[in-house]
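Okay, structure first, notes after.
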Amino acid sequence: MLKKKCDLCGSNTARFYTNAIDRFSGEEFTFIQCSQCGLIYPDPKPDLTDISVYYPTEYEAYYELDLEESPLEKYSLQQSLLRQLNLAEKYTSKKGEMLDIGCAKGNFLLFAKEHGWDVSGIEINHQAAKIAQSKYKLKVHSGTLESSNLPDKKFDLITLWDVLEHLPNPKSSLNEIHRLLKTGGLVVFSIPNLESFDRSIFKSNWIGWDPPRHFNLFTKETIKNLLDMSGFMLIDSKCITGGKGTFLLSLDILLRNKNYLKFIQFFYPIIGLILLPYRLISYKLRKGPIITYIAQKYES
């Protein structure tokens, strides 16, 4: 048993879970699982003062719509944004004020704004935030959620797309999100799906580990407990995005430093097309590599 305090339940007992390689630096990291609540996290945890060096410019979240390599990829990204917005709007009665945490260069914010939402964002990467502010004229706070100093009960909807796993203290972050939401407001967030087919296929090469950028990985039970502790009622969970891109990223990790990697990459568009039935089936069964949760704020 390893001694490390869990950010979710406070337990200091945990067991070894897996090792995974950082796909950018090549460093190996160890993940452990809390024996009490099941939360999975790296040991040792990354130093927050140094974590920015692990977010290079080629990190996927910093792609821009107009910099996509092909019209097909641009269309694919637009469709992903549409599925995300449609899912959020399915559970909202009206379009109001939206906050996107970890908004990167503002792709989703811009898309939501064009569809009638009053949008704001938070982005810790100053360069990405600056692009969202200057290029897309979006209201984006450059910093952390905690440093944004936003007023109570301001937002109807708060989204975190592939962000919650990057936050060092998820319970504290959900408490802050609860404060910012209006009563009955929604939080919609996507995270790596530990029950995905991709994880079973790629094992330690699965992109969902993505150390050291992922501070925490959640089982279904830990998500339910986290939401309950933070004053949220879980409404639904679905797999709607990520099947193609995450599979190919996992494949990249698996083939790391192999001579035939570039050859495989040349056929990525064809591979993506072949994977379509696999993606649709995994989404239907909630076995996609990314799972999205929808929860509603309640007052105790």
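Here's how to read the names in the structure tokens: chain A, B, ... by the order shown, residue numbers from 1 in each chain, ligand numbers from 1 in the order shown.
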
Dump as JSON lines the rows for residues of stretch 47-103 of chain A within 9 Å of stretch 155-176 of chain A: closest atom pair and distance in Å with one decimal, only C-alpha atoms counted, ordered by chain and rising residue number.
{"residue": "A:Leu48", "atom": "CA", "partner": "A:Pro168", "partner_atom": "CA", "distance": 8.3}
{"residue": "A:Ala61", "atom": "CA", "partner": "A:Asp162", "partner_atom": "CA", "distance": 9.0}
{"residue": "A:Gln84", "atom": "CA", "partner": "A:Trp161", "partner_atom": "CA", "distance": 8.7}
{"residue": "A:Ala88", "atom": "CA", "partner": "A:Leu157", "partner_atom": "CA", "distance": 8.1}
{"residue": "A:Thr92", "atom": "CA", "partner": "A:Leu157", "partner_atom": "CA", "distance": 8.1}
{"residue": "A:Lys94", "atom": "CA", "partner": "A:Asp156", "partner_atom": "CA", "distance": 8.7}
{"residue": "A:Lys95", "atom": "CA", "partner": "A:Asp156", "partner_atom": "CA", "distance": 8.1}
{"residue": "A:Gly96", "atom": "CA", "partner": "A:Asp156", "partner_atom": "CA", "distance": 5.9}
{"residue": "A:Glu97", "atom": "CA", "partner": "A:Phe155", "partner_atom": "CA", "distance": 5.0}
{"residue": "A:Met98", "atom": "CA", "partner": "A:Leu157", "partner_atom": "CA", "distance": 4.8}
{"residue": "A:Leu99", "atom": "CA", "partner": "A:Ile158", "partner_atom": "CA", "distance": 4.7}
{"residue": "A:Asp100", "atom": "CA", "partner": "A:Thr159", "partner_atom": "CA", "distance": 4.8}
{"residue": "A:Ile101", "atom": "CA", "partner": "A:Leu160", "partner_atom": "CA", "distance": 5.2}
{"residue": "A:Gly102", "atom": "CA", "partner": "A:Val163", "partner_atom": "CA", "distance": 6.1}
{"residue": "A:Cys103", "atom": "CA", "partner": "A:Leu160", "partner_atom": "CA", "distance": 7.9}

If you run DSSP on the backbone, which residues of stretch 49-120 of chain A are strand (DSSP E), as JSON, numbers by chain? {"A": [97, 98, 99, 100, 101, 118, 119, 120]}

Saved selection, atoms kept: C-alpha atoms, as an mmCIF file, in the first residue's frame:
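In the end it all went to result.cif:
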data_model
loop_
_atom_site.group_PDB
_atom_site.id
_atom_site.type_symbol
_atom_site.label_atom_id
_atom_site.label_comp_id
_atom_site.auth_asym_id
_atom_site.auth_seq_id
_atom_site.Cartn_x
_atom_site.Cartn_y
_atom_site.Cartn_z
ATOM 1 C CA GLU A 97 -25.246 32.703 -19.665
ATOM 2 C CA MET A 98 -22.627 30.018 -20.242
ATOM 3 C CA LEU A 99 -19.163 29.567 -18.747
ATOM 4 C CA ASP A 100 -16.672 27.217 -20.394
ATOM 5 C CA ILE A 101 -13.833 26.250 -18.038
ATOM 6 C CA ASP A 118 -23.972 34.773 -23.777
ATOM 7 C CA VAL A 119 -20.551 33.200 -23.269
ATOM 8 C CA SER A 120 -17.553 33.580 -20.963
#

Which residues, written as a list in words, have at least one atom at most 9 Å from A:Cys34, with only C-alpha atoms counted and residues fewer than 2 positions away on the same chain left out?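 My list of contacting residues is Lys4, Lys5, Cys6, Cys9, Ser11, Asn12, Thr13, Ala14, Arg15, Ile32, Gln36, Cys37, Gly38, Leu39, Ile40 and Tyr41 of chain A.
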
For A:Pro192, list every protein, DNA or RNA residue within 7 Å, evaluated using only C-alpha atoms, and leave out those in the same chain fewer than 3 positions away; present the list as a ChimeraX atom specification. /A:208,289-291

Pick out the closest residue to A:Phe215 from this set: A:Ile191, A:Gln133, A:Tyr293, A:Leu275. Count only C-alpha atoms. A:Ile191

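When only C-alpha atoms are used to measure the gap to A:Thr30, the shortest distance among A:Thr222, A:Ser196, A:Ser204, A:Gln296 belongs to A:Ser204.
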
Fewer than 3 positions away in the same chain doesn't count, so skip those; otherwise give me all residues within 9 Å of A:Phe31, counting only C-alpha atoms, as an NGL selection string. :A and (15-20 or 40-44 or 209 or 211)

Could you take the residues named above and write them with C-alpha atoms, as a PDB file, in the first residue's frame?
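Saved to out_24.pdb:
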ATOM      1  CA  ARG A  15      -2.596   0.718  -4.145  1.00  0.00           C
ATOM      2  CA  PHE A  16      -0.597   0.602  -7.359  1.00  0.00           C
ATOM      3  CA  TYR A  17      -2.811   0.848 -10.443  1.00  0.00           C
ATOM      4  CA  THR A  18      -0.690   1.242 -13.612  1.00  0.00           C
ATOM      5  CA  ASN A  19       2.312   2.915 -15.208  1.00  0.00           C
ATOM      6  CA  ALA A  20       1.977   5.194 -18.241  1.00  0.00           C
ATOM      7  CA  ILE A  40      -7.121   7.211  -9.466  1.00  0.00           C
ATOM      8  CA  TYR A  41      -4.261   9.714  -9.467  1.00  0.00           C
ATOM      9  CA  PRO A  42      -0.514   9.922 -10.190  1.00  0.00           C
ATOM     10  CA  ASP A  43       2.096   9.348  -7.497  1.00  0.00           C
ATOM     11  CA  PRO A  44       3.922  11.597  -7.031  1.00  0.00           C
ATOM     12  CA  TRP A 209      -3.993   8.185 -18.810  1.00  0.00           C
ATOM     13  CA  PRO A 211       0.281  11.778 -17.554  1.00  0.00           C
TER      14      PRO A 211
END

Please identify all polymer residues within 9 Å of A:Leu194, counting only C-alpha atoms, omitting same-chain residues fewer than 3 positions from it, and present them as a PDB file with C-alpha atoms, in the first residue's frame.
ATOM      1  CA  PHE A 197     -13.304  -0.360 -25.214  1.00  0.00           C
ATOM      2  CA  ASP A 198     -10.220   1.720 -26.063  1.00  0.00           C
ATOM      3  CA  ARG A 199      -8.815   1.326 -22.562  1.00  0.00           C
ATOM      4  CA  SER A 200      -9.249  -2.463 -22.783  1.00  0.00           C
ATOM      5  CA  GLY A 208      -6.906   8.493 -21.242  1.00  0.00           C
ATOM      6  CA  LEU A 217      -9.250   9.687 -13.242  1.00  0.00           C
ATOM      7  CA  PHE A 218     -12.755   8.783 -12.149  1.00  0.00           C
ATOM      8  CA  THR A 219     -14.843   5.638 -11.948  1.00  0.00           C
ATOM      9  CA  LYS A 220     -18.634   5.907 -12.171  1.00  0.00           C
ATOM     10  CA  LYS A 287     -18.020   2.396 -23.901  1.00  0.00           C
ATOM     11  CA  PRO A 289     -13.152   6.681 -24.759  1.00  0.00           C
ATOM     12  CA  ILE A 290     -14.750   9.882 -23.448  1.00  0.00           C
TER      13      ILE A 290
END

A:Asp210, A:Glu58, A:Glu195, A:Asp152 ranked by distance to A:Thr246, top pick (using only C-alpha atoms):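 Smallest distance to A:Thr246 is found for A:Asp210.
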
Identify, on the basis of only C-alpha atoms, every residue whose closest approach to A:Arg23 does not exceed 12 Å; exclude the query and any residue fewer than 4 positions from it along the same chain; express the result as a PyMOL selection string. chain A and resi 27-29+54-56+58-59+204-213+249-257

Which is closest to A:Glu146 among A:Leu87, A:Asn216, A:Glu123, A:Thr292, if we use only C-alpha atoms? A:Glu123

Mind giving me the straight-line distance from atom CA of A:Leu81 to atom CA of A:Phe111 in Å, one decimal? 7.1 Å
